[in-house]
>>> print(open('run.pdb').read())   # PDB, C-alpha atoms and all ligand atoms
MODEL        1
ATOM      1  CA  MET A   1      15.569  19.807  61.120
ATOM      2  CA  ALA A   2      13.704  16.846  59.587
ATOM      3  CA  GLU A   3      15.721  13.672  59.117
ATOM      4  CA  LYS A   4      16.950  13.020  55.568
ATOM      5  CA  THR A   5      15.082  10.374  53.627
ATOM      6  CA  ILE A   6      17.007   7.324  52.468
ATOM      7  CA  PHE A   7      16.782   8.637  48.892
ATOM      8  CA  LYS A   8      18.220  12.032  49.850
ATOM      9  CA  ARG A   9      21.083  10.143  51.454
ATOM     10  CA  ILE A  10      21.624   8.273  48.185
ATOM     11  CA  ILE A  11      21.587  11.587  46.258
ATOM     12  CA  ASP A  12      24.139  12.997  48.699
ATOM     13  CA  GLY A  13      26.371   9.935  48.312
ATOM     14  CA  GLU A  14      26.039   8.963  51.960
ATOM     15  CA  ILE A  15      24.838   5.457  51.174
ATOM     16  CA  PRO A  16      25.607   3.393  48.097
ATOM     17  CA  ALA A  17      23.246   2.591  45.278
ATOM     18  CA  THR A  18      23.615   0.963  41.884
ATOM     19  CA  VAL A  19      23.071   4.015  39.719
ATOM     20  CA  VAL A  20      21.987   3.317  36.149
ATOM     21  CA  TYR A  21      21.394   6.909  35.010
ATOM     22  CA  GLN A  22      21.659  10.473  36.227
ATOM     23  CA  ASP A  23      21.452  13.997  34.912
ATOM     24  CA  ASP A  24      21.045  17.458  36.442
ATOM     25  CA  HIS A  25      17.467  16.752  37.471
ATOM     26  CA  CYS A  26      17.077  13.096  38.321
ATOM     27  CA  LEU A  27      18.805   9.948  39.450
ATOM     28  CA  ALA A  28      17.922   6.335  38.617
ATOM     29  CA  PHE A  29      19.178   3.363  40.604
ATOM     30  CA  ARG A  30      18.285  -0.276  41.166
ATOM     31  CA  ASP A  31      15.757  -1.065  43.880
ATOM     32  CA  VAL A  32      17.357  -2.851  46.832
ATOM     33  CA  ALA A  33      14.424  -5.300  46.993
ATOM     34  CA  PRO A  34      13.546  -5.891  43.331
ATOM     35  CA  GLN A  35       9.990  -6.997  42.522
ATOM     36  CA  ALA A  36      10.875  -7.920  38.939
ATOM     37  CA  PRO A  37      14.078  -8.909  37.086
ATOM     38  CA  THR A  38      14.480  -5.214  36.280
ATOM     39  CA  HIS A  39      13.376  -2.812  39.027
ATOM     40  CA  VAL A  40      14.742   0.705  38.886
ATOM     41  CA  LEU A  41      13.706   3.783  40.861
ATOM     42  CA  ILE A  42      13.754   7.184  39.176
ATOM     43  CA  ILE A  43      13.829  10.100  41.592
ATOM     44  CA  PRO A  44      14.138  13.874  41.281
ATOM     45  CA  LYS A  45      17.342  15.299  42.752
ATOM     46  CA  ARG A  46      15.234  18.049  44.295
ATOM     47  CA  GLU A  47      13.357  16.968  47.379
ATOM     48  CA  ILE A  48       9.671  16.448  46.567
ATOM     49  CA  ALA A  49       7.867  14.222  49.059
ATOM     50  CA  ALA A  50       5.219  12.663  46.837
ATOM     51  CA  LEU A  51       3.441  12.809  43.497
ATOM     52  CA  ALA A  52       0.713  14.859  45.197
ATOM     53  CA  ASP A  53       3.277  17.570  46.007
ATOM     54  CA  LEU A  54       4.063  18.324  42.372
ATOM     55  CA  THR A  55       2.967  21.783  41.275
ATOM     56  CA  ASP A  56       2.468  23.421  37.898
ATOM     57  CA  ASP A  57       6.113  24.511  38.116
ATOM     58  CA  ASP A  58       7.136  20.833  38.043
ATOM     59  CA  GLU A  59       5.487  20.076  34.709
ATOM     60  CA  VAL A  60       8.779  19.845  32.842
ATOM     61  CA  LEU A  61      10.434  17.780  35.589
ATOM     62  CA  ALA A  62       7.547  15.294  35.743
ATOM     63  CA  GLY A  63       7.570  14.864  31.972
ATOM     64  CA  HIS A  64      11.347  14.511  32.005
ATOM     65  CA  MET A  65      11.179  11.740  34.601
ATOM     66  CA  LEU A  66       8.674   9.819  32.484
ATOM     67  CA  LEU A  67      10.872  10.180  29.413
ATOM     68  CA  VAL A  68      13.862   8.944  31.431
ATOM     69  CA  ALA A  69      11.801   5.897  32.435
ATOM     70  CA  CYS A  70      10.971   5.291  28.791
ATOM     71  CA  LYS A  71      14.591   5.635  27.634
ATOM     72  CA  LEU A  72      15.871   3.453  30.475
ATOM     73  CA  ALA A  73      13.356   0.751  29.544
ATOM     74  CA  GLN A  74      14.874   0.748  26.066
ATOM     75  CA  ASP A  75      18.472   0.825  27.345
ATOM     76  CA  LEU A  76      17.784  -1.997  29.806
ATOM     77  CA  GLY A  77      16.286  -4.147  27.075
ATOM     78  CA  LEU A  78      12.674  -4.254  28.251
ATOM     79  CA  SER A  79      11.446  -4.996  24.755
ATOM     80  CA  GLY A  80       8.547  -7.126  26.002
ATOM     81  CA  GLY A  81       6.992  -4.219  27.877
ATOM     82  CA  TYR A  82       7.283  -2.691  31.298
ATOM     83  CA  ARG A  83       5.344  -0.911  34.006
ATOM     84  CA  VAL A  84       5.902   2.503  35.586
ATOM     85  CA  VAL A  85       4.355   2.804  39.049
ATOM     86  CA  VAL A  86       4.125   5.726  41.452
ATOM     87  CA  ASN A  87       2.830   4.934  44.914
ATOM     88  CA  CYS A  88       1.408   8.103  46.466
ATOM     89  CA  GLY A  89       0.508   8.144  50.133
ATOM     90  CA  PRO A  90      -0.129   5.457  52.727
ATOM     91  CA  ASP A  91      -3.058   3.707  50.993
ATOM     92  CA  ALA A  92      -0.844   3.146  47.946
ATOM     93  CA  GLY A  93       1.984   1.836  50.105
ATOM     94  CA  GLN A  94       4.435   4.711  49.666
ATOM     95  CA  SER A  95       7.226   3.962  52.128
ATOM     96  CA  VAL A  96       9.829   6.616  51.270
ATOM     97  CA  ASP A  97       8.785  10.278  51.373
ATOM     98  CA  HIS A  98      10.763  11.290  48.298
ATOM     99  CA  LEU A  99       8.958  11.062  44.959
ATOM    100  CA  HIS A 100       9.975   7.985  42.972
ATOM    101  CA  PHE A 101       8.859   6.252  39.815
ATOM    102  CA  HIS A 102       9.252   2.463  39.843
ATOM    103  CA  LEU A 103      10.292   1.035  36.468
ATOM    104  CA  LEU A 104       9.527  -2.684  36.477
ATOM    105  CA  GLY A 105      10.050  -5.211  33.722
ATOM    106  CA  GLY A 106      11.467  -8.522  32.633
ATOM    107  CA  ARG A 107       8.458 -10.658  33.520
ATOM    108  CA  PRO A 108       4.746 -10.779  32.687
ATOM    109  CA  MET A 109       2.626  -8.767  35.129
ATOM    110  CA  LYS A 110      -0.916  -9.113  36.337
ATOM    111  CA  TRP A 111      -3.651  -6.519  36.512
ATOM    112  CA  PRO A 112      -5.095  -5.164  38.768
ATOM    113  CA  PRO A 113      -2.119  -4.678  41.099
ATOM    114  CA  GLY A 114      -2.581  -5.730  44.718
TER     115      GLY A 114
HETATM  116  P1  LIG B   1       7.521   2.731  47.788
HETATM  117  O1  LIG B   1       7.063   1.576  48.621
HETATM  118  O2  LIG B   1       7.710   3.984  48.621
HETATM  119  O3  LIG B   1       6.702   2.981  46.570
HETATM  120  O4  LIG B   1       8.947   2.313  47.245
HETATM  121  C1  LIG B   1      10.123   2.469  47.944
HETATM  122  C2  LIG B   1      11.124   1.549  47.321
HETATM  123  O5  LIG B   1      12.406   1.911  47.792
HETATM  124  C3  LIG B   1      10.917   0.065  47.683
HETATM  125  O6  LIG B   1      10.725  -0.669  46.497
HETATM  126  C4  LIG B   1      12.208  -0.297  48.407
HETATM  127  O7  LIG B   1      12.647  -1.600  48.121
HETATM  128  C5  LIG B   1      13.178   0.764  47.922
HETATM  129  N1  LIG B   1      14.241   1.073  48.854
HETATM  130  C6  LIG B   1      14.102   1.347  50.181
HETATM  131  N2  LIG B   1      15.288   1.616  50.746
HETATM  132  C7  LIG B   1      16.204   1.508  49.745
HETATM  133  C8  LIG B   1      17.621   1.685  49.708
HETATM  134  O8  LIG B   1      18.286   1.984  50.702
HETATM  135  N3  LIG B   1      18.223   1.507  48.506
HETATM  136  C9  LIG B   1      17.516   1.183  47.378
HETATM  137  N4  LIG B   1      18.224   1.030  46.244
HETATM  138  N5  LIG B   1      16.186   1.022  47.378
HETATM  139  C10 LIG B   1      15.536   1.181  48.552
ENDMDL
END
>>> encode(input="run.pdb", output="structure tokens", more="lines below")
Ligand code: 5GP
Amino acid sequence: MAEKTIFKRIIDGEIPATVVYQDDHCLAFRDVAPQAPTHVLIIPKREIAALADLTDDDEVLAGHMLLVACKLAQDLGLSGGYRVVVNCGPDAGQSVDHLHFHLLGGRPMKWPPG
């Protein structure tokens, strides 16, 4: 059997995380190595390896995760703006094979990203 990802272990309560939101479908917790004053990861509770693995059946879930990001940005006081990032695959730097949306805010950001 494939080894659990670190995020599956967080979902299963095997390792701690600072959870800021959860519902039946997703979990949001603070990134252990924050790249901005606010850096939260939003993940589906169901195991989906990457953005590229979403199917038409996941349309509602994907939209839900974006809305959670939007609501969390409000709740966490990111009134100056924020960025939602999904790294998909090795060229984008995806390091955990469980879909995650990065919600980053609390500082000005440059474009394009590195
Ligand atoms: P990626 O590089 O795949 O887009 O993002 C993975 C993110 O997961 C990184 O920002 C990294 O800091 C975060 N991360 C990795 N391991 C852990 C962990 O055990 N706990 C938390 N809270 N974040 C983690």
>>> residues_near_ligand(input="run.pdb", ligand="ligand LIG 1 (chain B)", cutoff="12 Å", atoms="only C-alpha atoms and all ligand atoms", output="number ranges by chain")
A: 5-11, 13-20, 27-36, 38-43, 49-51, 84-104
>>> resolve_selection(input="run.pdb", expression="the PyMOL selection byres (((chain A and resi 24) around 10) and not hetatm)", output="ChimeraX atom specification")
/A:22-23,25-27,44-46
>>> atom_distance(input="run.pdb", atom1="CA of Gly80 in chain A", atom2="CA of Lys110 in chain A")
14.2 Å
>>> atom_distance(input="run.pdb", atom1="CA of His64 in chain A", atom2="CA of Gly106 in chain A")
23.0 Å
>>> axis_aligned_box(input="run.pdb", around="range 30-49 of chain A", padding_each_side="4 Å", output="AutoDock Vina command-line options")
--center_x 13.1 --center_y 4.6 --center_z 42.7 --size_x 18.4 --size_y 35.0 --size_z 20.8
>>> closest_residue(input="run.pdb", among="A:Leu61, A:Pro108, A:Tyr21, A:Ile48", to="Ala73 in chain A", atoms="all atoms listed in the file")
A:Tyr21
>>> closest_residue(input="run.pdb", among="A:Glu47, A:Gly105, A:Gly114, A:Gly63", to="Leu76 in chain A", atoms="all atoms listed in the file")
A:Gly105
>>> atom_distance(input="run.pdb", atom1="CA of Gly77 in chain A", atom2="CA of Glu59 in chain A")
27.6 Å
>>> build_atoms(input="run.pdb", residues="range 45-56 of chain A", atoms="all heavy atoms", output="tab-separated table (two decimals), in the frame of the given file")
chain	number	residue	atom	x	y	z
A	45	LYS	N	16.26	14.92	41.83
A	45	LYS	CA	17.34	15.30	42.75
A	45	LYS	C	16.84	16.32	43.77
A	45	LYS	O	17.34	16.38	44.88
A	45	LYS	CB	18.55	15.83	41.98
A	45	LYS	CG	19.30	14.71	41.27
A	45	LYS	CD	20.63	15.16	40.68
A	45	LYS	CE	21.43	13.95	40.20
A	45	LYS	NZ	22.65	14.34	39.45
A	46	ARG	N	15.86	17.12	43.36
A	46	ARG	CA	15.23	18.05	44.30
A	46	ARG	C	14.27	17.28	45.19
A	46	ARG	O	13.63	16.34	44.76
A	46	ARG	CB	14.49	19.13	43.50
A	46	ARG	CG	13.86	20.21	44.33
A	46	ARG	CD	13.68	21.48	43.51
A	46	ARG	NE	12.93	21.30	42.27
A	46	ARG	CZ	11.58	21.27	42.21
A	46	ARG	NH1	10.86	21.42	43.29
A	46	ARG	NH2	10.97	21.10	41.05
A	47	GLU	N	14.22	17.69	46.44
A	47	GLU	CA	13.36	16.97	47.38
A	47	GLU	C	11.89	17.34	47.17
A	47	GLU	O	11.48	18.47	47.41
A	47	GLU	CB	13.79	17.26	48.81
A	47	GLU	CG	15.06	16.50	49.19
A	47	GLU	CD	15.39	16.65	50.66
A	47	GLU	OE1	15.95	17.69	51.01
A	47	GLU	OE2	15.08	15.75	51.45
A	48	ILE	N	11.12	16.35	46.73
A	48	ILE	CA	9.67	16.45	46.57
A	48	ILE	C	9.13	15.19	47.25
A	48	ILE	O	9.55	14.08	46.92
A	48	ILE	CB	9.27	16.47	45.08
A	48	ILE	CG1	9.90	17.67	44.36
A	48	ILE	CG2	7.75	16.47	44.93
A	48	ILE	CD1	9.76	17.64	42.84
A	49	ALA	N	8.24	15.37	48.22
A	49	ALA	CA	7.87	14.22	49.06
A	49	ALA	C	7.05	13.17	48.31
A	49	ALA	O	7.23	11.97	48.52
A	49	ALA	CB	7.11	14.71	50.29
A	50	ALA	N	6.15	13.62	47.46
A	50	ALA	CA	5.22	12.66	46.84
A	50	ALA	C	4.67	13.24	45.54
A	50	ALA	O	4.76	14.45	45.28
A	50	ALA	CB	4.07	12.36	47.80
A	51	LEU	N	4.06	12.37	44.76
A	51	LEU	CA	3.44	12.81	43.50
A	51	LEU	C	2.46	13.95	43.76
A	51	LEU	O	2.38	14.91	42.98
A	51	LEU	CB	2.72	11.62	42.86
A	51	LEU	CG	2.22	11.82	41.43
A	51	LEU	CD1	3.38	11.87	40.44
A	51	LEU	CD2	1.25	10.72	41.03
A	52	ALA	N	1.73	13.86	44.87
A	52	ALA	CA	0.71	14.86	45.20
A	52	ALA	C	1.32	16.23	45.50
A	52	ALA	O	0.59	17.23	45.54
A	52	ALA	CB	-0.12	14.38	46.39
A	53	ASP	N	2.62	16.29	45.70
A	53	ASP	CA	3.28	17.57	46.01
A	53	ASP	C	3.80	18.28	44.77
A	53	ASP	O	4.35	19.38	44.86
A	53	ASP	CB	4.42	17.34	47.01
A	53	ASP	CG	3.89	16.86	48.35
A	53	ASP	OD1	3.00	17.55	48.89
A	53	ASP	OD2	4.33	15.81	48.83
A	54	LEU	N	3.65	17.64	43.60
A	54	LEU	CA	4.06	18.32	42.37
A	54	LEU	C	3.16	19.53	42.14
A	54	LEU	O	1.96	19.49	42.43
A	54	LEU	CB	3.96	17.37	41.17
A	54	LEU	CG	5.00	16.25	41.09
A	54	LEU	CD1	4.65	15.28	39.96
A	54	LEU	CD2	6.40	16.81	40.90
A	55	THR	N	3.74	20.58	41.60
A	55	THR	CA	2.97	21.78	41.28
A	55	THR	C	3.10	22.05	39.78
A	55	THR	O	3.86	21.38	39.07
A	55	THR	CB	3.49	23.01	42.04
A	55	THR	OG1	4.78	23.36	41.50
A	55	THR	CG2	3.63	22.73	43.54
A	56	ASP	N	2.38	23.06	39.32
A	56	ASP	CA	2.47	23.42	37.90
A	56	ASP	C	3.91	23.71	37.49
A	56	ASP	O	4.30	23.46	36.35
A	56	ASP	CB	1.61	24.66	37.62
A	56	ASP	CG	0.13	24.33	37.69
A	56	ASP	OD1	-0.23	23.14	37.75
A	56	ASP	OD2	-0.68	25.29	37.71
